[in-house]
Amino acid sequence: MSPPTIQWLNGRVKLIDQTQLPNELKYIICRDVEALWQAIRRLSVRGAPALGVAAAFGVLLGIKTFRGNNRRKFEEHIKKVSAYLASSRPTAVNLFYGLEEMKKVVAVHPSASVAQLKKHLHQRAMELYEEDRRVCRRMGDFGAELIRSGDRVMTVCNAGALATVDYGTALGVMYSAKRKGKKFSVYACETRPLLQGARLTAWELLRGGIDTTLICDNMAATLMKQGKVDRIFVGADRIAANGDTANKIGTYNLAVLAKHHKIPFYVVAPLSTVDFKTKSGKQIPIEERHSSEVTHFGQRLTAPLKVKVYNPAFDVTDHQLITGIVTEKGVICPPFEKNIKKYAFNSR
Ligand code: MRU
């Protein structure tokens, strides 16, 4: 199991620098909000739930520099810091969830002083950190029930310990299934262009002692045709109210293939990944990243420099292609529009 992806340590944020994996397990210390913003942007820290915690820690970094006792000015400062962090990456709703939860702290303590608010904000950020750890383990337990011994499971990108504080969503299901003594194996899609599957998922599953085979993304269809895939588990960056799910580019390909080959396709995500303000996948903002991620392999050019590039970082899987959504309150089945609400708003 990998060490915590993100930590708050002595007024700083300590992160695993995921751009260096699997070659080196190196850490970055972010001392100010700008350093954290850069770390998010270049994917040193990434994965929706980890971004939620990073955003909350980012607010803590941002308020460190605020001097004085003027509450109104402090509130304005928090708004500015939040807006800045919100500009780092657009798709993972957890980042915005982290920021909203921090803003709520201010709203629920209308007469607190600046010093008191700073304490409350610190406490809330730590709760979000612990919430992620707890919720991932709950999803793992529910999802593990869907894995049978002997299964060959497929996943894409990295929805593991490295995408959360320390356990994972889709990969958390696999860790929990292993703990329950189930024997199964995993196909990890490499996940072009930035290879989160090859660099991160393969790295952490091997450390977790899980039987893992790495494949190029374009091999998934052949494996399914050969009858070598029993079920698919993926993470999510944002789930619309109707169940349409944004996740790493290539997820939709797998979902379409899974439908054709009659393979169950599960999304694993905390309920904080559901964005009720977004009715369907059509409204989910999709991040487009720099062309060099497609034209280069590390420093090496792999395409003519002048070629036009389209590089969306995420795609949207229509809810009709999803078998179930594994959450911390259980596995949500269709009809998603109705059932997501039921799970999110009923206490279980
Ligand atoms: O661009 P990334 O690496 O941040 O994309 C991450 C993903 O798409 C994950 O699958 C998703 O955030 C879920 S992580 C539990």
# chains A, B, ... in the order shown; residues from 1 in each chain; ligands from 1
$ residues_around --residues "Lys277 in chain A" --least-positions-apart "6" --cutoff "12 Å" --atoms "only C-alpha atoms" --output "NGL selection string"
:A and (93 or 238-242 or 283-284)
$ select_by_dssp --residues "range 25-126 of chain A" --states "strand (DSSP E)" --output "JSON, numbers by chain"
{"A": [27, 28, 29, 30]}
$ atom_distance --atom1 "CA of Lys329 in chain A" --atom2 "CA of Gly140 in chain A"
11.0 Å
$ closest_residue --among "A:Cys157, A:Arg42, A:Cys136, A:Glu75" --to "His290 in chain A" --atoms "only C-alpha atoms"
A:Arg42
$ residues_around --residues "Pro312 in chain A" --least-positions-apart "5" --cutoff "12 Å" --atoms "only C-alpha atoms" --output "PyMOL selection string"
chain A and resi 90-91+192-194+246-250+285-291+293-294
$ residues_near_ligand --ligand "ligand 1" --cutoff "6 Å" --atoms "only C-alpha atoms and all ligand atoms" --output "JSON, numbers by chain"
{"A": [46, 47, 48, 49, 157, 158, 159, 160, 163, 168, 169, 235, 236, 237, 247, 248]}
$ write_last_selection --atoms "N, CA and C atoms" --output "PDB file, in the first residue's frame"
ATOM      1  N   ARG A  46      -3.321  14.513  -8.164  1.00  0.00           N
ATOM      2  CA  ARG A  46      -4.412  14.407  -9.139  1.00  0.00           C
ATOM      3  C   ARG A  46      -5.353  13.318  -8.648  1.00  0.00           C
ATOM      4  N   GLY A  47      -6.458  13.151  -9.403  1.00  0.00           N
ATOM      5  CA  GLY A  47      -7.493  12.208  -8.956  1.00  0.00           C
ATOM      6  C   GLY A  47      -8.510  13.004  -8.150  1.00  0.00           C
ATOM      7  N   ALA A  48      -9.804  12.785  -8.470  1.00  0.00           N
ATOM      8  CA  ALA A  48     -10.842  13.674  -7.936  1.00  0.00           C
ATOM      9  C   ALA A  48     -10.846  13.792  -6.406  1.00  0.00           C
ATOM     10  N   PRO A  49     -10.907  12.690  -5.646  1.00  0.00           N
ATOM     11  CA  PRO A  49     -10.987  12.872  -4.183  1.00  0.00           C
ATOM     12  C   PRO A  49      -9.735  13.540  -3.597  1.00  0.00           C
ATOM     13  N   CYS A 157      -6.981   4.488 -16.047  1.00  0.00           N
ATOM     14  CA  CYS A 157      -6.428   5.617 -15.296  1.00  0.00           C
ATOM     15  C   CYS A 157      -5.975   5.130 -13.919  1.00  0.00           C
ATOM     16  N   ASN A 158      -5.971   6.012 -12.951  1.00  0.00           N
ATOM     17  CA  ASN A 158      -5.647   5.611 -11.583  1.00  0.00           C
ATOM     18  C   ASN A 158      -6.732   6.158 -10.666  1.00  0.00           C
ATOM     19  N   ALA A 159      -7.531   5.232 -10.133  1.00  0.00           N
ATOM     20  CA  ALA A 159      -8.544   5.594  -9.141  1.00  0.00           C
ATOM     21  C   ALA A 159      -8.172   4.846  -7.869  1.00  0.00           C
ATOM     22  N   GLY A 160      -6.921   5.026  -7.474  1.00  0.00           N
ATOM     23  CA  GLY A 160      -6.389   4.261  -6.353  1.00  0.00           C
ATOM     24  C   GLY A 160      -5.991   5.126  -5.181  1.00  0.00           C
ATOM     25  N   ALA A 163      -5.024   8.541  -5.946  1.00  0.00           N
ATOM     26  CA  ALA A 163      -6.061   9.500  -6.374  1.00  0.00           C
ATOM     27  C   ALA A 163      -6.914   9.941  -5.195  1.00  0.00           C
ATOM     28  N   GLY A 168      -8.243   4.673  -2.210  1.00  0.00           N
ATOM     29  CA  GLY A 168      -8.729   4.574  -3.581  1.00  0.00           C
ATOM     30  C   GLY A 168     -10.206   4.273  -3.661  1.00  0.00           C
ATOM     31  N   THR A 169     -10.751   4.468  -4.880  1.00  0.00           N
ATOM     32  CA  THR A 169     -12.160   4.172  -5.138  1.00  0.00           C
ATOM     33  C   THR A 169     -12.227   2.844  -5.900  1.00  0.00           C
ATOM     34  N   GLY A 235     -13.116   4.985 -11.831  1.00  0.00           N
ATOM     35  CA  GLY A 235     -13.427   6.086 -10.919  1.00  0.00           C
ATOM     36  C   GLY A 235     -14.308   7.115 -11.626  1.00  0.00           C
ATOM     37  N   ALA A 236     -14.468   8.264 -11.015  1.00  0.00           N
ATOM     38  CA  ALA A 236     -15.277   9.334 -11.627  1.00  0.00           C
ATOM     39  C   ALA A 236     -14.750  10.687 -11.175  1.00  0.00           C
ATOM     40  N   ASP A 237     -14.793  11.633 -12.083  1.00  0.00           N
ATOM     41  CA  ASP A 237     -14.438  13.020 -11.739  1.00  0.00           C
ATOM     42  C   ASP A 237     -15.659  13.866 -11.460  1.00  0.00           C
ATOM     43  N   ASN A 247     -15.011  10.816 -16.542  1.00  0.00           N
ATOM     44  CA  ASN A 247     -13.803  10.197 -15.979  1.00  0.00           C
ATOM     45  C   ASN A 247     -12.719  10.296 -17.052  1.00  0.00           C
ATOM     46  N   LYS A 248     -11.550   9.802 -16.735  1.00  0.00           N
ATOM     47  CA  LYS A 248     -10.408   9.912 -17.646  1.00  0.00           C
ATOM     48  C   LYS A 248     -10.768   9.505 -19.069  1.00  0.00           C
TER      49      LYS A 248
END
$ residues_around --residues "Tyr27 in chain A" --least-positions-apart "5" --cutoff "7 Å" --atoms "only C-alpha atoms" --output "JSON, numbers by chain"
{"A": [14, 15, 16, 17]}
$ write_last_selection --atoms "N, CA, C and O atoms" --output "compact mmCIF listing (two decimals), in the first residue's frame"
# COMPACT_ATOMS: atom_id res chain seq x y z
N LYS A 14 2.35 18.30 2.20
CA LYS A 14 3.34 17.34 1.70
C LYS A 14 2.63 16.40 0.72
O LYS A 14 1.61 15.80 1.06
N LEU A 15 3.17 16.32 -0.49
CA LEU A 15 2.53 15.52 -1.55
C LEU A 15 3.49 14.53 -2.14
O LEU A 15 4.68 14.84 -2.30
N ILE A 16 2.98 13.38 -2.55
CA ILE A 16 3.79 12.52 -3.42
C ILE A 16 3.81 13.20 -4.79
O ILE A 16 2.76 13.58 -5.30
N ASP A 17 4.98 13.36 -5.37
CA ASP A 17 5.05 13.96 -6.71
C ASP A 17 4.78 12.86 -7.74
O ASP A 17 5.67 12.12 -8.13
$ closest_residue --among "A:Tyr167, A:Lys306, A:Thr155, A:Leu206" --to "Ala188 in chain A" --atoms "only C-alpha atoms"
A:Thr155
$ select_by_dssp --residues "range 126-314 of chain A" --states "alpha helix (DSSP H)" --output "number ranges by chain"
A: 126-144, 170-179, 196, 202-207, 220-225, 251-261, 292-295
$ residues_around --residues "Phe142 in chain A" --least-positions-apart "5" --cutoff "8 Å" --atoms "only C-alpha atoms" --output "PDB file with N, CA and C atoms, in the first residue's frame"
ATOM      1  N   VAL A 173     -11.788  -0.975  -4.106  1.00  0.00           N
ATOM      2  CA  VAL A 173     -12.630  -2.179  -4.228  1.00  0.00           C
ATOM      3  C   VAL A 173     -11.733  -3.417  -4.326  1.00  0.00           C
ATOM      4  N   VAL A 326     -20.888   2.468  -7.295  1.00  0.00           N
ATOM      5  CA  VAL A 326     -20.541   2.038  -5.938  1.00  0.00           C
ATOM      6  C   VAL A 326     -20.209   3.277  -5.118  1.00  0.00           C
ATOM      7  N   THR A 327     -20.970   3.502  -4.058  1.00  0.00           N
ATOM      8  CA  THR A 327     -20.738   4.675  -3.195  1.00  0.00           C
ATOM      9  C   THR A 327     -20.524   4.195  -1.756  1.00  0.00           C
ATOM     10  N   GLU A 328     -20.296   5.158  -0.878  1.00  0.00           N
ATOM     11  CA  GLU A 328     -20.097   4.818   0.533  1.00  0.00           C
ATOM     12  C   GLU A 328     -21.390   4.385   1.208  1.00  0.00           C
ATOM     13  N   GLY A 330     -23.627   2.358  -0.499  1.00  0.00           N
ATOM     14  CA  GLY A 330     -24.060   1.137  -1.172  1.00  0.00           C
ATOM     15  C   GLY A 330     -23.952   1.276  -2.678  1.00  0.00           C
ATOM     16  N   VAL A 331     -24.381   0.220  -3.386  1.00  0.00           N
ATOM     17  CA  VAL A 331     -24.287   0.214  -4.850  1.00  0.00           C
ATOM     18  C   VAL A 331     -25.601   0.734  -5.427  1.00  0.00           C
TER      19      VAL A 331
END
$ atom_distance --atom1 "CA of Lys178 in chain A" --atom2 "CA of Gly150 in chain A"
11.7 Å
$ residues_around --residues "Asp230 in chain A" --least-positions-apart "4" --cutoff "7 Å" --atoms "only C-alpha atoms" --output "mmCIF file with N, CA, C and O atoms, in the first residue's frame"
data_model
loop_
_atom_site.group_PDB
_atom_site.id
_atom_site.type_symbol
_atom_site.label_atom_id
_atom_site.label_comp_id
_atom_site.auth_asym_id
_atom_site.auth_seq_id
_atom_site.Cartn_x
_atom_site.Cartn_y
_atom_site.Cartn_z
ATOM 1 N N ASP A 151 -12.276 -13.812 -10.911
ATOM 2 C CA ASP A 151 -12.580 -12.723 -11.848
ATOM 3 C C ASP A 151 -11.313 -12.099 -12.436
ATOM 4 O O ASP A 151 -10.282 -11.998 -11.765
ATOM 5 N N ARG A 152 -11.475 -11.652 -13.692
ATOM 6 C CA ARG A 152 -10.452 -10.811 -14.316
ATOM 7 C C ARG A 152 -11.100 -9.440 -14.492
ATOM 8 O O ARG A 152 -12.101 -9.295 -15.179
ATOM 9 N N VAL A 153 -10.519 -8.487 -13.787
ATOM 10 C CA VAL A 153 -11.131 -7.173 -13.657
ATOM 11 C C VAL A 153 -10.328 -6.175 -14.486
ATOM 12 O O VAL A 153 -9.112 -6.294 -14.570
ATOM 13 N N ILE A 263 -20.420 -7.094 -20.428
ATOM 14 C CA ILE A 263 -19.567 -7.129 -19.237
ATOM 15 C C ILE A 263 -20.061 -6.045 -18.267
ATOM 16 O O ILE A 263 -20.226 -4.885 -18.676
#
$ closest_residue --among "A:Ser111, A:Arg231, A:Leu85, A:Glu131" --to "Ala170 in chain A" --atoms "only C-alpha atoms"
A:Arg231
$ residues_around --residues "Ile215 in chain A" --least-positions-apart "6" --cutoff "9 Å" --atoms "only C-alpha atoms" --output "list in words"
Tyr187, Ala188, Cys189, Glu190 and Ala198 of chain A
$ closest_residue --among "A:His296, A:Leu214, A:Lys104, A:Gly324" --to "Asn339 in chain A" --atoms "only C-alpha atoms"
A:Gly324
$ decode --residues "range 134-146 of chain A" --atoms "all heavy atoms" --output "PDB file, in the first residue's frame"
ATOM      1  N   ARG A 134     -12.255   7.291   5.359  1.00  0.00           N
ATOM      2  CA  ARG A 134     -13.371   6.455   5.824  1.00  0.00           C
ATOM      3  C   ARG A 134     -14.257   6.024   4.653  1.00  0.00           C
ATOM      4  O   ARG A 134     -14.566   4.848   4.485  1.00  0.00           O
ATOM      5  CB  ARG A 134     -14.181   7.297   6.815  1.00  0.00           C
ATOM      6  CG  ARG A 134     -15.096   6.524   7.731  1.00  0.00           C
ATOM      7  CD  ARG A 134     -15.755   7.425   8.763  1.00  0.00           C
ATOM      8  NE  ARG A 134     -16.448   8.572   8.213  1.00  0.00           N
ATOM      9  CZ  ARG A 134     -16.078   9.830   8.387  1.00  0.00           C
ATOM     10  NH1 ARG A 134     -15.026  10.133   9.131  1.00  0.00           N
ATOM     11  NH2 ARG A 134     -16.776  10.823   7.851  1.00  0.00           N
ATOM     12  N   VAL A 135     -14.603   6.996   3.826  1.00  0.00           N
ATOM     13  CA  VAL A 135     -15.535   6.752   2.727  1.00  0.00           C
ATOM     14  C   VAL A 135     -14.942   5.766   1.706  1.00  0.00           C
ATOM     15  O   VAL A 135     -15.629   4.887   1.178  1.00  0.00           O
ATOM     16  CB  VAL A 135     -15.886   8.135   2.103  1.00  0.00           C
ATOM     17  CG1 VAL A 135     -16.300   8.046   0.672  1.00  0.00           C
ATOM     18  CG2 VAL A 135     -16.958   8.820   2.935  1.00  0.00           C
ATOM     19  N   CYS A 136     -13.652   5.888   1.431  1.00  0.00           N
ATOM     20  CA  CYS A 136     -13.015   4.967   0.477  1.00  0.00           C
ATOM     21  C   CYS A 136     -13.091   3.527   0.982  1.00  0.00           C
ATOM     22  O   CYS A 136     -13.327   2.596   0.210  1.00  0.00           O
ATOM     23  CB  CYS A 136     -11.550   5.348   0.245  1.00  0.00           C
ATOM     24  SG  CYS A 136     -11.385   6.746  -0.861  1.00  0.00           S
ATOM     25  N   ARG A 137     -12.906   3.337   2.269  1.00  0.00           N
ATOM     26  CA  ARG A 137     -12.970   1.972   2.827  1.00  0.00           C
ATOM     27  C   ARG A 137     -14.394   1.423   2.768  1.00  0.00           C
ATOM     28  O   ARG A 137     -14.605   0.246   2.536  1.00  0.00           O
ATOM     29  CB  ARG A 137     -12.380   1.955   4.239  1.00  0.00           C
ATOM     30  CG  ARG A 137     -10.844   2.015   4.164  1.00  0.00           C
ATOM     31  CD  ARG A 137     -10.179   2.498   5.413  1.00  0.00           C
ATOM     32  NE  ARG A 137      -8.733   2.484   5.261  1.00  0.00           N
ATOM     33  CZ  ARG A 137      -7.997   3.430   4.670  1.00  0.00           C
ATOM     34  NH1 ARG A 137      -8.578   4.507   4.168  1.00  0.00           N
ATOM     35  NH2 ARG A 137      -6.691   3.319   4.567  1.00  0.00           N
ATOM     36  N   ARG A 138     -15.383   2.303   2.980  1.00  0.00           N
ATOM     37  CA  ARG A 138     -16.789   1.862   2.880  1.00  0.00           C
ATOM     38  C   ARG A 138     -17.103   1.451   1.436  1.00  0.00           C
ATOM     39  O   ARG A 138     -17.717   0.431   1.200  1.00  0.00           O
ATOM     40  CB  ARG A 138     -17.751   2.993   3.293  1.00  0.00           C
ATOM     41  CG  ARG A 138     -17.550   3.516   4.671  1.00  0.00           C
ATOM     42  CD  ARG A 138     -18.538   3.052   5.695  1.00  0.00           C
ATOM     43  NE  ARG A 138     -19.923   3.051   5.263  1.00  0.00           N
ATOM     44  CZ  ARG A 138     -20.814   2.165   5.676  1.00  0.00           C
ATOM     45  NH1 ARG A 138     -20.445   1.184   6.468  1.00  0.00           N
ATOM     46  NH2 ARG A 138     -22.074   2.245   5.279  1.00  0.00           N
ATOM     47  N   MET A 139     -16.667   2.274   0.465  1.00  0.00           N
ATOM     48  CA  MET A 139     -16.905   1.918  -0.945  1.00  0.00           C
ATOM     49  C   MET A 139     -16.215   0.600  -1.260  1.00  0.00           C
ATOM     50  O   MET A 139     -16.762  -0.252  -1.966  1.00  0.00           O
ATOM     51  CB  MET A 139     -16.335   3.009  -1.872  1.00  0.00           C
ATOM     52  CG  MET A 139     -17.158   4.256  -1.918  1.00  0.00           C
ATOM     53  SD  MET A 139     -16.525   5.414  -3.128  1.00  0.00           S
ATOM     54  CE  MET A 139     -15.105   6.057  -2.292  1.00  0.00           C
ATOM     55  N   GLY A 140     -15.022   0.442  -0.717  1.00  0.00           N
ATOM     56  CA  GLY A 140     -14.268  -0.795  -0.946  1.00  0.00           C
ATOM     57  C   GLY A 140     -15.057  -2.009  -0.481  1.00  0.00           C
ATOM     58  O   GLY A 140     -15.164  -3.012  -1.186  1.00  0.00           O
ATOM     59  N   ASP A 141     -15.659  -1.888   0.695  1.00  0.00           N
ATOM     60  CA  ASP A 141     -16.425  -3.018   1.237  1.00  0.00           C
ATOM     61  C   ASP A 141     -17.632  -3.349   0.365  1.00  0.00           C
ATOM     62  O   ASP A 141     -17.903  -4.505   0.080  1.00  0.00           O
ATOM     63  CB  ASP A 141     -16.891  -2.711   2.664  1.00  0.00           C
ATOM     64  CG  ASP A 141     -15.733  -2.796   3.641  1.00  0.00           C
ATOM     65  OD1 ASP A 141     -14.697  -3.394   3.277  1.00  0.00           O
ATOM     66  OD2 ASP A 141     -15.860  -2.253   4.766  1.00  0.00           O
ATOM     67  N   PHE A 142     -18.367  -2.307  -0.053  1.00  0.00           N
ATOM     68  CA  PHE A 142     -19.545  -2.569  -0.907  1.00  0.00           C
ATOM     69  C   PHE A 142     -19.102  -3.142  -2.259  1.00  0.00           C
ATOM     70  O   PHE A 142     -19.695  -4.095  -2.766  1.00  0.00           O
ATOM     71  CB  PHE A 142     -20.339  -1.274  -1.135  1.00  0.00           C
ATOM     72  CG  PHE A 142     -21.165  -0.867   0.057  1.00  0.00           C
ATOM     73  CD1 PHE A 142     -20.946   0.336   0.709  1.00  0.00           C
ATOM     74  CD2 PHE A 142     -22.190  -1.689   0.524  1.00  0.00           C
ATOM     75  CE1 PHE A 142     -21.717   0.725   1.804  1.00  0.00           C
ATOM     76  CE2 PHE A 142     -22.972  -1.312   1.619  1.00  0.00           C
ATOM     77  CZ  PHE A 142     -22.727  -0.107   2.255  1.00  0.00           C
ATOM     78  N   GLY A 143     -18.075  -2.540  -2.828  1.00  0.00           N
ATOM     79  CA  GLY A 143     -17.643  -2.961  -4.171  1.00  0.00           C
ATOM     80  C   GLY A 143     -17.045  -4.357  -4.181  1.00  0.00           C
ATOM     81  O   GLY A 143     -17.206  -5.103  -5.157  1.00  0.00           O
ATOM     82  N   ALA A 144     -16.389  -4.735  -3.088  1.00  0.00           N
ATOM     83  CA  ALA A 144     -15.736  -6.056  -3.037  1.00  0.00           C
ATOM     84  C   ALA A 144     -16.753  -7.180  -3.210  1.00  0.00           C
ATOM     85  O   ALA A 144     -16.419  -8.249  -3.732  1.00  0.00           O
ATOM     86  CB  ALA A 144     -14.995  -6.204  -1.713  1.00  0.00           C
ATOM     87  N   GLU A 145     -17.989  -6.912  -2.801  1.00  0.00           N
ATOM     88  CA  GLU A 145     -19.038  -7.936  -2.948  1.00  0.00           C
ATOM     89  C   GLU A 145     -19.310  -8.240  -4.427  1.00  0.00           C
ATOM     90  O   GLU A 145     -19.895  -9.270  -4.754  1.00  0.00           O
ATOM     91  CB  GLU A 145     -20.355  -7.450  -2.302  1.00  0.00           C
ATOM     92  CG  GLU A 145     -20.261  -7.243  -0.794  1.00  0.00           C
ATOM     93  CD  GLU A 145     -19.802  -8.504  -0.077  1.00  0.00           C
ATOM     94  OE1 GLU A 145     -20.321  -9.579  -0.406  1.00  0.00           O
ATOM     95  OE2 GLU A 145     -18.912  -8.393   0.792  1.00  0.00           O
ATOM     96  N   LEU A 146     -18.923  -7.320  -5.303  1.00  0.00           N
ATOM     97  CA  LEU A 146     -19.191  -7.507  -6.736  1.00  0.00           C
ATOM     98  C   LEU A 146     -18.102  -8.326  -7.423  1.00  0.00           C
ATOM     99  O   LEU A 146     -18.233  -8.683  -8.592  1.00  0.00           O
ATOM    100  CB  LEU A 146     -19.310  -6.137  -7.426  1.00  0.00           C
ATOM    101  CG  LEU A 146     -20.388  -5.200  -6.864  1.00  0.00           C
ATOM    102  CD1 LEU A 146     -20.215  -3.786  -7.419  1.00  0.00           C
ATOM    103  CD2 LEU A 146     -21.773  -5.741  -7.213  1.00  0.00           C
TER     104      LEU A 146
END
